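What follows is the content of final_20.tsv (TSV, C-alpha atoms and all ligand atoms).
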```tsv
chain	number	residue	atom	x	y	z
A	1317	MET	CA	-131.86	97.05	-22.14
A	1318	LEU	CA	-130.35	93.64	-21.57
A	1319	ARG	CA	-127.03	94.82	-22.98
A	1320	ARG	CA	-126.97	97.80	-20.66
A	1321	THR	CA	-127.64	95.59	-17.64
A	1322	LEU	CA	-124.81	93.29	-18.63
A	1323	ILE	CA	-122.41	96.17	-18.95
A	1324	LEU	CA	-123.49	97.50	-15.55
A	1325	ALA	CA	-123.01	94.07	-14.01
A	1326	ALA	CA	-119.56	93.76	-15.52
A	1327	GLY	CA	-118.71	97.22	-14.28
A	1328	ALA	CA	-119.87	96.39	-10.76
A	1329	ALA	CA	-117.86	93.18	-10.76
A	1330	GLY	CA	-114.79	95.14	-11.82
A	1331	VAL	CA	-115.28	97.60	-8.99
A	1332	LEU	CA	-115.75	94.77	-6.51
A	1333	ALA	CA	-112.54	93.10	-7.66
A	1334	ALA	CA	-110.65	96.35	-7.30
A	1335	VAL	CA	-112.04	96.95	-3.81
A	1336	SER	CA	-111.16	93.48	-2.54
A	1337	GLY	CA	-107.67	93.80	-4.05
A	1338	ALA	CA	-107.08	97.00	-2.14
A	1339	GLN	CA	-108.65	95.57	0.98
A	1340	ALA	CA	-105.98	92.91	1.17
A	1341	GLN	CA	-103.53	95.72	1.91
A	1342	GLN	CA	-105.84	98.18	3.58
A	1343	THR	CA	-104.41	97.73	7.04
A	1344	VAL	CA	-100.83	98.24	8.11
A	1345	LYS	CA	-100.26	96.44	11.39
A	1346	ILE	CA	-97.58	97.67	13.76
A	1347	GLY	CA	-96.59	95.38	16.62
A	1348	LEU	CA	-95.34	97.53	19.49
A	1349	ILE	CA	-93.52	95.33	22.01
A	1350	LEU	CA	-92.59	96.95	25.32
A	1351	PRO	CA	-92.05	96.22	29.00
A	1352	LEU	CA	-95.45	97.10	30.48
A	1353	THR	CA	-95.01	95.05	33.64
A	1354	GLY	CA	-91.93	94.49	35.81
A	1355	PRO	CA	-89.07	96.84	36.73
A	1356	PHE	CA	-89.06	98.75	33.42
A	1357	THR	CA	-92.80	99.42	33.18
A	1358	ALA	CA	-92.30	103.20	33.29
A	1359	ILE	CA	-90.08	103.02	30.19
A	1360	GLY	CA	-92.59	100.98	28.21
A	1361	ARG	CA	-95.40	103.32	29.20
A	1362	GLN	CA	-93.46	106.41	28.08
A	1363	VAL	CA	-92.75	104.87	24.66
A	1364	GLU	CA	-96.38	103.78	24.29
A	1365	MET	CA	-97.71	107.20	25.29
A	1366	GLY	CA	-95.39	108.87	22.77
A	1367	ALA	CA	-96.49	106.51	19.97
A	1368	ARG	CA	-100.16	106.93	20.80
A	1369	LEU	CA	-99.87	110.71	20.95
A	1370	TYR	CA	-98.44	110.73	17.44
A	1371	MET	CA	-101.34	108.63	16.14
A	1372	GLN	CA	-103.84	110.78	17.97
A	1373	GLN	CA	-102.41	113.89	16.30
A	1374	LYS	CA	-101.96	112.49	12.78
A	1375	GLY	CA	-104.90	110.11	12.57
A	1376	ASN	CA	-104.72	106.43	11.65
A	1377	THR	CA	-104.85	106.63	7.87
A	1378	VAL	CA	-101.64	106.83	5.84
A	1379	ALA	CA	-101.35	106.44	2.06
A	1380	GLY	CA	-104.90	105.07	2.01
A	1381	GLN	CA	-104.08	102.45	4.64
A	1382	THR	CA	-105.45	102.11	8.13
A	1383	ILE	CA	-102.77	101.91	10.78
A	1384	GLU	CA	-103.47	99.36	13.47
A	1385	LEU	CA	-101.28	99.39	16.57
A	1386	LEU	CA	-100.97	96.11	18.50
A	1387	VAL	CA	-99.36	96.77	21.88
A	1388	LYS	CA	-97.79	93.78	23.67
A	1389	ASP	CA	-96.06	93.43	27.03
A	1390	ASP	CA	-92.80	91.46	27.21
A	1391	GLY	CA	-92.14	92.18	30.91
A	1392	SER	CA	-88.57	93.06	29.79
A	1393	VAL	CA	-87.78	89.33	29.35
A	1394	ALA	CA	-85.91	88.66	26.08
A	1395	ASP	CA	-87.46	85.20	25.49
A	1396	ALA	CA	-90.90	86.76	25.79
A	1397	THR	CA	-90.01	89.54	23.33
A	1398	LYS	CA	-88.89	86.97	20.79
A	1399	ARG	CA	-91.95	84.75	21.29
A	1400	ILE	CA	-94.31	87.71	20.97
A	1401	ALA	CA	-92.52	88.95	17.85
A	1402	GLN	CA	-92.81	85.48	16.29
A	1403	ASP	CA	-96.52	85.36	17.08
A	1404	LEU	CA	-97.08	88.85	15.69
A	1405	ILE	CA	-95.28	87.96	12.45
A	1406	VAL	CA	-96.87	84.54	11.90
A	1407	ASN	CA	-100.40	84.98	13.24
A	1408	GLU	CA	-101.08	88.70	13.10
A	1409	LYS	CA	-99.08	89.24	9.91
A	1410	VAL	CA	-97.68	92.52	11.21
A	1411	ASN	CA	-95.93	94.78	8.69
A	1412	VAL	CA	-93.73	96.58	11.22
A	1413	LEU	CA	-92.24	95.72	14.61
A	1414	ALA	CA	-91.42	98.49	17.07
A	1415	GLY	CA	-90.62	99.35	20.69
A	1416	PHE	CA	-87.83	97.40	22.46
A	1417	GLY	CA	-87.27	98.84	25.91
A	1418	LEU	CA	-83.85	97.30	26.53
A	1419	THR	CA	-80.94	96.07	24.41
A	1420	PRO	CA	-81.32	92.30	25.03
A	1421	LEU	CA	-84.97	92.53	23.92
A	1422	ALA	CA	-84.01	94.13	20.61
A	1423	LEU	CA	-81.14	91.72	19.99
A	1424	ALA	CA	-83.36	88.68	20.65
A	1425	THR	CA	-85.77	89.84	17.95
A	1426	ALA	CA	-83.24	90.88	15.29
A	1427	PRO	CA	-82.98	87.45	13.55
A	1428	LEU	CA	-86.76	87.31	13.15
A	1429	ALA	CA	-86.81	90.77	11.56
A	1430	THR	CA	-84.21	89.57	9.05
A	1431	GLN	CA	-85.92	86.25	8.25
A	1432	ALA	CA	-89.37	87.76	7.80
A	1433	LYS	CA	-88.08	91.03	6.24
A	1434	ILE	CA	-90.03	93.11	8.73
A	1435	PRO	CA	-88.93	96.74	9.21
A	1436	THR	CA	-88.21	97.07	12.92
A	1437	VAL	CA	-88.01	100.41	14.68
A	1438	VAL	CA	-86.04	100.43	17.94
A	1439	MET	CA	-87.55	103.25	19.99
A	1440	ALA	CA	-85.75	102.88	23.32
A	1441	ALA	CA	-82.68	100.61	23.48
A	1442	GLY	CA	-79.24	102.22	23.03
A	1443	THR	CA	-76.40	99.73	22.48
A	1444	ALA	CA	-74.47	100.71	19.35
A	1445	THR	CA	-74.45	97.23	17.73
A	1446	ILE	CA	-78.24	96.80	17.62
A	1447	THR	CA	-78.64	98.20	14.10
A	1448	GLU	CA	-75.87	95.87	12.91
A	1449	ALA	CA	-77.85	92.83	14.10
A	1450	SER	CA	-80.32	93.09	11.18
A	1451	PRO	CA	-80.53	95.09	7.94
A	1452	PHE	CA	-84.24	95.59	8.79
A	1453	ILE	CA	-83.56	97.45	12.05
A	1454	THR	CA	-83.61	101.22	12.31
A	1455	ARG	CA	-83.65	103.34	15.47
A	1456	THR	CA	-85.23	106.53	16.82
A	1457	SER	CA	-83.72	106.44	20.32
A	1458	PHE	CA	-79.96	107.01	20.54
A	1459	THR	CA	-76.72	105.17	21.09
A	1460	LEU	CA	-74.78	105.37	24.34
A	1461	PRO	CA	-71.47	106.21	22.62
A	1462	GLN	CA	-73.28	109.00	20.76
A	1463	ALA	CA	-74.56	110.50	24.02
A	1464	THR	CA	-71.41	109.80	26.04
A	1465	GLU	CA	-68.43	111.03	24.01
A	1466	PRO	CA	-69.49	114.69	24.35
A	1467	MET	CA	-69.64	114.17	28.14
A	1468	ALA	CA	-66.00	113.03	28.26
A	1469	ASP	CA	-64.97	115.97	26.14
A	1470	TRP	CA	-66.88	118.48	28.27
A	1471	ALA	CA	-65.55	117.00	31.54
A	1472	PHE	CA	-61.89	117.24	30.57
A	1473	LYS	CA	-62.26	120.75	29.19
A	1474	ASN	CA	-63.94	121.84	32.42
A	1475	GLY	CA	-61.22	120.88	34.83
A	1476	ILE	CA	-62.25	117.32	35.67
A	1477	LYS	CA	-59.09	115.20	35.59
A	1478	LYS	CA	-59.92	112.11	37.64
A	1479	VAL	CA	-63.14	110.13	37.21
A	1480	VAL	CA	-64.68	106.89	38.44
A	1481	THR	CA	-67.15	105.38	35.97
A	1482	LEU	CA	-70.03	103.34	37.37
A	1483	VAL	CA	-72.20	101.60	34.77
A	1484	SER	CA	-74.83	98.88	34.50
A	1485	ASP	CA	-73.06	95.71	33.49
A	1486	TYR	CA	-74.67	95.05	30.08
A	1487	GLY	CA	-74.61	96.39	26.51
A	1488	PRO	CA	-75.39	100.10	26.92
A	1489	GLY	CA	-73.39	100.40	30.15
A	1490	ILE	CA	-70.33	98.81	28.61
A	1491	ASP	CA	-70.74	101.01	25.50
A	1492	SER	CA	-70.97	104.05	27.71
A	1493	GLU	CA	-67.93	103.11	29.81
A	1494	LYS	CA	-65.81	102.44	26.69
A	1495	ALA	CA	-66.86	105.70	25.07
A	1496	PHE	CA	-66.07	107.72	28.18
A	1497	VAL	CA	-62.76	106.03	28.94
A	1498	GLY	CA	-61.63	106.26	25.30
A	1499	VAL	CA	-62.17	109.99	24.90
A	1500	PHE	CA	-61.27	111.02	28.45
A	1501	THR	CA	-57.97	109.14	28.69
A	1502	LYS	CA	-56.97	110.26	25.21
A	1503	ALA	CA	-57.43	113.84	26.40
A	1504	GLY	CA	-55.15	113.06	29.36
A	1505	GLY	CA	-57.65	112.18	32.10
A	1506	GLN	CA	-57.44	109.37	34.61
A	1507	VAL	CA	-60.24	106.79	35.03
A	1508	GLU	CA	-61.16	103.87	37.26
A	1509	SER	CA	-64.12	101.74	36.12
A	1510	LEU	CA	-66.77	99.89	38.10
A	1511	ARG	CA	-69.73	97.84	36.85
A	1512	VAL	CA	-72.92	97.09	38.75
A	1513	PRO	CA	-75.40	94.27	37.90
A	1514	LEU	CA	-78.47	95.26	35.89
A	1515	ALA	CA	-81.01	93.31	37.94
A	1516	ASN	CA	-81.95	94.70	41.39
A	1517	PRO	CA	-78.79	96.76	41.73
A	1518	ASP	CA	-77.41	97.70	45.13
A	1519	PHE	CA	-75.15	100.70	44.51
A	1520	SER	CA	-73.88	101.04	48.09
A	1521	PRO	CA	-70.73	98.88	47.92
A	1522	PHE	CA	-69.78	100.56	44.65
A	1523	LEU	CA	-70.37	104.02	46.07
A	1524	GLN	CA	-68.06	103.12	48.95
A	1525	LYS	CA	-65.31	102.39	46.41
A	1526	VAL	CA	-66.00	105.70	44.71
A	1527	ALA	CA	-65.71	107.54	48.03
A	1528	ASP	CA	-62.35	105.85	48.67
A	1529	ALA	CA	-61.02	106.80	45.22
A	1530	LYS	CA	-61.90	110.51	45.76
A	1531	PRO	CA	-62.35	111.40	42.07
A	1532	ASP	CA	-63.27	114.86	40.76
A	1533	ALA	CA	-66.38	113.36	39.26
A	1534	LEU	CA	-68.49	110.21	39.28
A	1535	PHE	CA	-69.66	109.20	35.81
A	1536	VAL	CA	-72.85	107.13	35.92
A	1537	PHE	CA	-74.88	105.16	33.42
A	1538	VAL	CA	-77.93	103.37	34.72
A	1539	PRO	CA	-80.88	102.63	32.45
A	1540	ALA	CA	-83.87	104.96	32.71
A	1541	GLY	CA	-86.01	103.73	35.56
A	1542	GLN	CA	-83.04	103.11	37.88
A	1543	GLY	CA	-82.02	106.75	38.30
A	1544	ALA	CA	-84.17	107.39	41.37
A	1545	GLN	CA	-82.84	104.30	43.17
A	1546	PHE	CA	-79.28	105.28	42.36
A	1547	MET	CA	-79.75	108.87	43.54
A	1548	LYS	CA	-81.34	107.68	46.80
A	1549	GLN	CA	-78.23	105.69	47.66
A	1550	PHE	CA	-76.05	108.55	46.42
A	1551	VAL	CA	-77.59	110.85	49.07
A	1552	GLU	CA	-77.58	108.19	51.79
A	1553	ARG	CA	-73.82	107.95	51.33
A	1554	GLY	CA	-73.49	111.74	51.61
A	1555	PHE	CA	-72.28	112.21	48.04
A	1556	ASP	CA	-74.35	115.35	47.61
A	1557	LYS	CA	-72.02	117.01	50.13
A	1558	SER	CA	-68.77	115.31	49.04
A	1559	GLY	CA	-67.76	117.77	46.31
A	1560	ILE	CA	-67.65	114.87	43.83
A	1561	LYS	CA	-69.51	116.01	40.70
A	1562	LEU	CA	-72.16	113.81	39.12
A	1563	ILE	CA	-71.84	113.43	35.34
A	1564	GLY	CA	-73.04	110.97	32.70
A	1565	PRO	CA	-75.45	110.43	29.83
A	1566	GLY	CA	-78.90	111.78	30.72
A	1567	ASP	CA	-80.55	108.46	31.60
A	1568	VAL	CA	-79.81	108.94	35.32
A	1569	THR	CA	-81.69	112.28	35.48
A	1570	ASP	CA	-84.53	111.38	33.14
A	1571	ASP	CA	-87.32	113.92	33.04
A	1572	GLU	CA	-90.03	111.64	34.39
A	1573	VAL	CA	-88.28	110.98	37.71
A	1574	LEU	CA	-86.27	114.17	38.10
A	1575	ASN	CA	-88.78	115.99	40.32
A	1576	ASN	CA	-89.03	112.94	42.59
A	1577	ILE	CA	-85.25	112.70	42.87
A	1578	GLY	CA	-85.28	116.24	44.23
A	1579	ASP	CA	-82.62	118.80	45.04
A	1580	VAL	CA	-79.81	116.25	45.32
A	1581	ALA	CA	-79.76	116.25	41.51
A	1582	LEU	CA	-79.16	120.02	41.32
A	1583	GLY	CA	-75.97	120.77	39.43
A	1584	ALA	CA	-75.62	117.32	37.83
A	1585	ILE	CA	-74.16	117.70	34.33
A	1586	THR	CA	-75.33	115.27	31.69
A	1587	THR	CA	-75.24	114.92	27.91
A	1588	HIS	CA	-78.27	113.61	26.03
A	1589	HIS	CA	-80.47	113.99	22.98
A	1590	TYR	CA	-83.66	115.13	24.70
A	1591	SER	CA	-84.77	117.34	27.54
A	1592	VAL	CA	-88.34	118.29	28.33
A	1593	ALA	CA	-86.90	121.81	28.68
A	1594	HIS	CA	-85.59	121.84	25.07
A	1595	ASP	CA	-86.39	125.30	23.77
A	1596	SER	CA	-88.20	124.99	20.43
A	1597	PRO	CA	-91.76	125.50	19.20
A	1598	GLU	CA	-91.97	121.80	18.25
A	1599	ASN	CA	-91.01	120.70	21.76
A	1600	LYS	CA	-93.32	123.17	23.43
A	1601	ALA	CA	-96.26	121.79	21.43
A	1602	PHE	CA	-95.16	118.20	22.10
A	1603	VAL	CA	-94.78	118.64	25.85
A	1604	GLU	CA	-98.10	120.47	26.12
A	1605	ALA	CA	-100.00	117.78	24.18
A	1606	PHE	CA	-98.27	114.97	26.06
A	1607	LYS	CA	-99.11	116.46	29.44
A	1608	LYS	CA	-102.69	117.05	28.39
A	1609	ALA	CA	-103.08	113.44	27.22
A	1610	ASN	CA	-101.19	111.74	30.05
A	1611	ASN	CA	-101.08	114.10	32.99
A	1612	MET	CA	-97.29	113.75	33.28
A	1613	ARG	CA	-94.06	114.87	31.65
A	1614	PRO	CA	-92.64	113.07	28.65
A	1615	ASN	CA	-89.05	111.86	28.83
A	1616	PHE	CA	-86.58	110.77	26.13
A	1617	MET	CA	-88.36	107.42	25.84
A	1618	ALA	CA	-91.61	109.14	24.86
A	1619	VAL	CA	-89.78	111.06	22.13
A	1620	GLY	CA	-88.32	107.79	20.82
A	1621	GLY	CA	-91.88	106.43	20.50
A	1622	TYR	CA	-93.26	109.61	18.96
A	1623	ASP	CA	-90.47	109.90	16.38
A	1624	GLY	CA	-90.61	106.16	15.68
A	1625	MET	CA	-94.23	106.52	14.60
A	1626	HIS	CA	-93.28	109.53	12.49
A	1627	LEU	CA	-90.63	107.46	10.72
A	1628	ILE	CA	-93.15	104.69	10.02
A	1629	TYR	CA	-95.84	107.11	8.77
A	1630	GLU	CA	-93.47	109.03	6.52
A	1631	GLY	CA	-91.89	105.82	5.24
A	1632	LEU	CA	-95.34	104.48	4.29
A	1633	LYS	CA	-96.17	107.72	2.52
A	1634	LYS	CA	-93.02	107.35	0.44
A	1635	THR	CA	-93.74	103.72	-0.48
A	1636	ASN	CA	-97.44	104.35	-1.01
A	1637	GLY	CA	-98.24	101.90	1.74
A	1638	GLN	CA	-95.80	99.14	0.83
A	1639	GLY	CA	-93.86	97.41	3.62
A	1640	GLY	CA	-90.84	95.06	3.64
A	1641	GLN	CA	-87.62	96.03	1.90
A	1642	ALA	CA	-89.25	99.07	0.24
A	1643	LEU	CA	-90.27	100.49	3.59
A	1644	ILE	CA	-86.89	100.09	5.33
A	1645	ASP	CA	-85.22	101.59	2.24
A	1646	ALA	CA	-87.62	104.55	2.34
A	1647	MET	CA	-86.70	105.22	5.95
A	1648	LYS	CA	-82.99	105.53	5.13
A	1649	GLY	CA	-81.93	109.14	4.82
A	1650	MET	CA	-85.23	110.52	6.10
A	1651	SER	CA	-84.91	113.77	8.05
A	1652	TRP	CA	-87.35	115.80	10.10
A	1653	THR	CA	-87.68	118.22	12.99
A	1654	SER	CA	-88.29	116.23	16.16
A	1655	PRO	CA	-89.27	117.71	19.53
A	1656	ARG	CA	-85.58	117.05	20.37
A	1657	GLY	CA	-84.32	119.13	17.39
A	1658	PRO	CA	-83.25	118.21	13.84
A	1659	VAL	CA	-82.77	114.47	13.23
A	1660	SER	CA	-82.13	112.12	10.31
A	1661	ILE	CA	-81.70	108.41	9.69
A	1662	ASP	CA	-78.16	107.60	8.58
A	1663	PRO	CA	-78.63	105.79	5.24
A	1664	GLN	CA	-75.50	103.67	5.86
A	1665	THR	CA	-76.19	102.51	9.42
A	1666	ARG	CA	-79.96	103.10	9.84
A	1667	ASP	CA	-79.11	104.79	13.15
A	1668	ILE	CA	-80.35	108.22	14.13
A	1669	ILE	CA	-78.15	111.30	13.64
A	1670	GLN	CA	-79.05	114.00	16.14
A	1671	ASN	CA	-77.83	116.85	18.31
A	1672	ILE	CA	-76.39	116.02	21.71
A	1673	TYR	CA	-76.95	118.68	24.34
A	1674	VAL	CA	-74.93	119.43	27.48
A	1675	ARG	CA	-77.37	120.08	30.35
A	1676	LYS	CA	-77.36	121.05	33.98
A	1677	VAL	CA	-80.08	120.20	36.49
A	1678	GLU	CA	-81.68	123.45	37.64
A	1679	ARG	CA	-84.83	124.51	39.40
A	1680	LYS	CA	-87.20	126.68	37.35
A	1681	ASP	CA	-90.70	127.72	38.37
A	1682	GLY	CA	-90.60	125.23	41.22
A	1683	GLU	CA	-89.66	122.22	39.08
A	1684	LEU	CA	-86.40	120.48	38.23
A	1685	TYR	CA	-85.22	120.42	34.63
A	1686	ASN	CA	-82.21	119.34	32.61
A	1687	VAL	CA	-81.43	122.79	31.21
A	1688	GLU	CA	-79.50	122.63	27.94
A	1689	PHE	CA	-76.57	125.05	27.70
A	1690	ALA	CA	-74.45	123.74	24.81
A	1691	THR	CA	-75.18	121.82	21.60
A	1692	ILE	CA	-73.02	119.38	19.66
A	1693	PRO	CA	-74.79	119.25	16.31
A	1694	ASN	CA	-75.57	116.21	14.12
A	1695	VAL	CA	-73.77	113.52	16.09
A	1696	LYS	CA	-73.53	110.09	14.44
A	1697	ASP	CA	-73.01	106.90	16.40
A	1698	PRO	CA	-69.23	107.16	16.81
A	1699	VAL	CA	-68.65	103.39	16.99
A	1700	LYS	CA	-70.02	102.81	13.49
A	1701	ALA	CA	-68.51	106.07	12.21
A	1702	ALA	CA	-65.06	104.84	13.31
A	1703	LYS	CA	-65.56	101.49	11.52
A	1704	ALA	CA	-66.55	103.28	8.32
A	1705	ASN	CA	-63.32	105.30	8.27
A	1801	LIG	C1	-81.12	100.92	27.44
A	1801	LIG	C2	-80.35	102.06	27.23
A	1801	LIG	C3	-82.18	100.98	28.35
A	1801	LIG	C4	-80.65	103.25	27.90
A	1801	LIG	C5	-82.48	102.16	29.00
A	1801	LIG	O1	-83.51	102.28	29.88
A	1801	LIG	C6	-81.69	103.28	28.78
A	1801	LIG	C7	-80.81	99.65	26.76
A	1801	LIG	C8	-84.37	101.20	30.11
A	1801	LIG	O2	-80.25	99.69	25.66
A	1801	LIG	O3	-81.09	98.59	27.35
A	1801	LIG	O4	-81.98	104.42	29.48
```

Reformat the file's structure so that it appears as structure tokens.
Amino acid sequence: MLRRTLILAAGAAGVLAAVSGAQAQQTVKIGLILPLTGPFTAIGRQVEMGARLYMQQKGNTVAGQTIELLVKDDGSVADATKRIAQDLIVNEKVNVLAGFGLTPLALATAPLATQAKIPTVVMAAGTATITEASPFITRTSFTLPQATEPMADWAFKNGIKKVVTLVSDYGPGIDSEKAFVGVFTKAGGQVESLRVPLANPDFSPFLQKVADAKPDALFVFVPAGQGAQFMKQFVERGFDKSGIKLIGPGDVTDDEVLNNIGDVALGAITTHHYSVAHDSPENKAFVEAFKKANNMRPNFMAVGGYDGMHLIYEGLKKTNGQGGQALIDAMKGMSWTSPRGPVSIDPQTRDIIQNIYVRKVERKDGELYNVEFATIPNVKDPVKAAKAN
């Protein structure tokens, strides 16, 4: 009797030890840092809604671990992003960092990701160099050169010979300008380039210069969230009646603001990786669920958040819940069907490989959409692809 009790006690102690050992790793913490106040609030909210929708659909248990999402607001100030990331790493012991609404916010955090070996998923920002800033960074948004080169190609092939480029004067804008000018002038086109400040931009003086130059098309990159302001000044200057075509990567006609921009956007041609009108069963289900949960349309930022969570979940499944180097390695080469179409993570660059679609703003069933009419399949970031050659 005594012997049996002892054995039972030893058995119970063994079980307890095993449980507490597992408990130490039972939670995977994801720090999601986004602008949730300030001028880029709408972007942060889209990414957050996309990430939360994914968790709502898939549950919060992966490989026996509970996923805990810690959402933090950086107000789109790079020093704040860095401070929050530091706090999340040191005090919250997060296993993954994610979000990053704008390029400077991602770049400010990159050294911390490297030092602490924290897999970091960029869900929004689009400057090509971001993934080169840390071997722990991967990305589920896009790069501006990736989205822009097909625009230059399409423009030249469709009779546009003279263009003025107007871009936000920081990382993604400069990337976009370089990508457009490179491809378009090589094809034989003529370009004049203008840059507008990122903070509180007044487009009017620049639009005056565009009017004076009389190009066939105006190529625009402004970050998502500034499209409506740009289009307002575009109409005020009478550009909608000028015969000058509006082209660019799809940030300027993002799906959240497109209906508010109104008919002035009709006919704008853009190239991008996601449209709410993308015709696939996966996107139909995504848009329906997103609208039901949030009472609004998703845009490309929401898809970046949704796919970013997918990458984290699937990575954790592959590592059986392990983080750090194992997790970032597991993410490399991963492929899946996103609401945007087929995507994969380039194992060399950790950037996303995806289709780029050529779209035209059209009215359908009383609403405005970026309607896709051509597909350039499996586009890599061309800046890094050129370096590799
Ligand atoms: C960036 C690129 C930001 C594209 C955006 O919206 C965007 C960036 C806030 O890399 O900062 O549409």

Using Å and a single decimal, report how far CA of Pro1517 in chain A sits from CA of Ser1484 in chain A.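 Interatomic distance, CA of Ser1484 in chain A to CA of Pro1517 in chain A: 8.5 Å.
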
Tell me, as an MDAnalysis selection string, which residues lie within 9 Å of Glu1604 in chain A, counting all atoms listed in the file; anything in the same chain fewer than 5 positions away does not count. chainID A and resid 1599 1609 1613

A straight line from CA of Lys1633 in chain A to CA of Arg1368 in chain A spans 18.7 Å

Can I get the residues close to ligand LIG 1801 (chain A) as number ranges by chain, where close means within 7 Å and we count all atoms listed in the file? A: 1356, 1359, 1417-1420, 1440-1443, 1487-1488, 1538-1541, 1567

Per residue of range 1462-1507 of chain A within 12 Å of range 1686-1705 of chain A, what are the shortest atom pair and its distance in Å to one decimal, counting only C-alpha atoms, with rows by chain and residue number, as a Markdown table?
```
| residue | atom | partner | partner_atom | distance |
| --- | --- | --- | --- | --- |
| A:Gln1462 | CA | A:Asp1697 | CA | 4.8 |
| A:Ala1463 | CA | A:Val1695 | CA | 8.5 |
| A:Thr1464 | CA | A:Pro1698 | CA | 9.8 |
| A:Glu1465 | CA | A:Pro1698 | CA | 8.2 |
| A:Pro1466 | CA | A:Ile1692 | CA | 7.5 |
| A:Met1467 | CA | A:Ile1692 | CA | 10.5 |
| A:Asp1469 | CA | A:Ile1692 | CA | 10.9 |
| A:Trp1470 | CA | A:Ala1690 | CA | 9.8 |
| A:Asp1491 | CA | A:Val1699 | CA | 9.1 |
| A:Ser1492 | CA | A:Val1699 | CA | 11.0 |
| A:Lys1494 | CA | A:Val1699 | CA | 10.2 |
| A:Ala1495 | CA | A:Val1699 | CA | 8.6 |
| A:Phe1496 | CA | A:Pro1698 | CA | 11.8 |
| A:Gly1498 | CA | A:Val1699 | CA | 11.3 |
| A:Val1499 | CA | A:Pro1698 | CA | 11.1 |
```

Now that the selection is made, can you save its residues with C-alpha atoms as a short mmCIF file (atom, residue, chain, number, x, y, z; two decimals), keeping the file's coordinate frame?
```
data_model
loop_
_atom_site.label_atom_id
_atom_site.label_comp_id
_atom_site.auth_asym_id
_atom_site.auth_seq_id
_atom_site.Cartn_x
_atom_site.Cartn_y
_atom_site.Cartn_z
CA GLN A 1462 -73.28 109.00 20.76
CA ALA A 1463 -74.56 110.50 24.02
CA THR A 1464 -71.41 109.80 26.04
CA GLU A 1465 -68.43 111.03 24.01
CA PRO A 1466 -69.49 114.69 24.35
CA MET A 1467 -69.64 114.17 28.14
CA ASP A 1469 -64.97 115.97 26.14
CA TRP A 1470 -66.88 118.48 28.27
CA ASP A 1491 -70.74 101.01 25.50
CA SER A 1492 -70.97 104.05 27.71
CA LYS A 1494 -65.81 102.44 26.69
CA ALA A 1495 -66.86 105.70 25.07
CA PHE A 1496 -66.07 107.72 28.18
CA GLY A 1498 -61.63 106.26 25.30
CA VAL A 1499 -62.17 109.99 24.90
#
```

List the spatial neighbours of Ile1661 in chain A as a compact mmCIF listing (two decimals) with C-alpha atoms, in the coordinates of the input - criterion: any atom at most 8 Å away, only C-alpha atoms, same-chain residues fewer than 6 positions off excluded.
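Below is the file selection20.txt, written as the result:
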```txt
# COMPACT_ATOMS: atom_id res chain seq x y z
CA THR A 1454 -83.61 101.22 12.31
CA ARG A 1455 -83.65 103.34 15.47
CA MET A 1647 -86.70 105.22 5.95
CA LYS A 1648 -82.99 105.53 5.13
CA GLY A 1649 -81.93 109.14 4.82
CA MET A 1650 -85.23 110.52 6.10
CA SER A 1651 -84.91 113.77 8.05
CA ASP A 1667 -79.11 104.79 13.15
CA ILE A 1668 -80.35 108.22 14.13
CA ILE A 1669 -78.15 111.30 13.64
```

CA of Gln1542 in chain A to CA of Leu1627 in chain A, distance in Å rounded to a single decimal: 28.5 Å

A:Gln1638, A:Asn1610, A:Thr1481, A:Gln1362 ranked by distance to Val1412 in chain A, top pick (using all atoms listed in the file):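 Comparing A:Gln1638, A:Asn1610, A:Thr1481, A:Gln1362 against Val1412 in chain A, the winner is A:Gln1638.
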
List the spatial neighbours of Met1612 in chain A as a PyMOL selection string - criterion: any atom at most 12 Å away, all atoms listed in the file, same-chain residues fewer than 6 positions off excluded. chain A and resi 1358+1361-1362+1365-1366+1571-1573+1575+1592+1603-1606+1618

Selection from above, C-alpha atoms, as a CSV table (one decimal), in the frame of the given file, can you write it?
```csv
chain,number,residue,atom,x,y,z
A,1358,ALA,CA,-92.3,103.2,33.3
A,1361,ARG,CA,-95.4,103.3,29.2
A,1362,GLN,CA,-93.5,106.4,28.1
A,1365,MET,CA,-97.7,107.2,25.3
A,1366,GLY,CA,-95.4,108.9,22.8
A,1571,ASP,CA,-87.3,113.9,33.0
A,1572,GLU,CA,-90.0,111.6,34.4
A,1573,VAL,CA,-88.3,111.0,37.7
A,1575,ASN,CA,-88.8,116.0,40.3
A,1592,VAL,CA,-88.3,118.3,28.3
A,1603,VAL,CA,-94.8,118.6,25.8
A,1604,GLU,CA,-98.1,120.5,26.1
A,1605,ALA,CA,-100.0,117.8,24.2
A,1606,PHE,CA,-98.3,115.0,26.1
A,1618,ALA,CA,-91.6,109.1,24.9
```

May I have the residues within 10 Å of Val1512 in chain A as a count of residues only, using all atoms listed in the file and disregarding those fewer than 6 positions away in the same chain? 12

Non-local contacts of Ile1405 in chain A (12 Å; all atoms listed in the file; under 4 positions in same chain excluded) as a list in words: Lys1345, Ile1346, Gly1347, Leu1348, Leu1386, Lys1398, Arg1399, Ile1400, Ala1401, Lys1409, Val1410, Asn1411, Val1412, Leu1413, Thr1425, Leu1428, Ala1429, Thr1430, Gln1431, Ala1432, Lys1433, Ile1434, Pro1435 and Thr1436 of chain A

Select, from A:Arg1675, A:His1594, A:Ser1654, A:Thr1501, the residue with the minimum atom-to-atom distance to Leu1562 in chain A, counting all atoms listed in the file.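 Comparing A:Arg1675, A:His1594, A:Ser1654, A:Thr1501 against Leu1562 in chain A, the winner is A:Arg1675.
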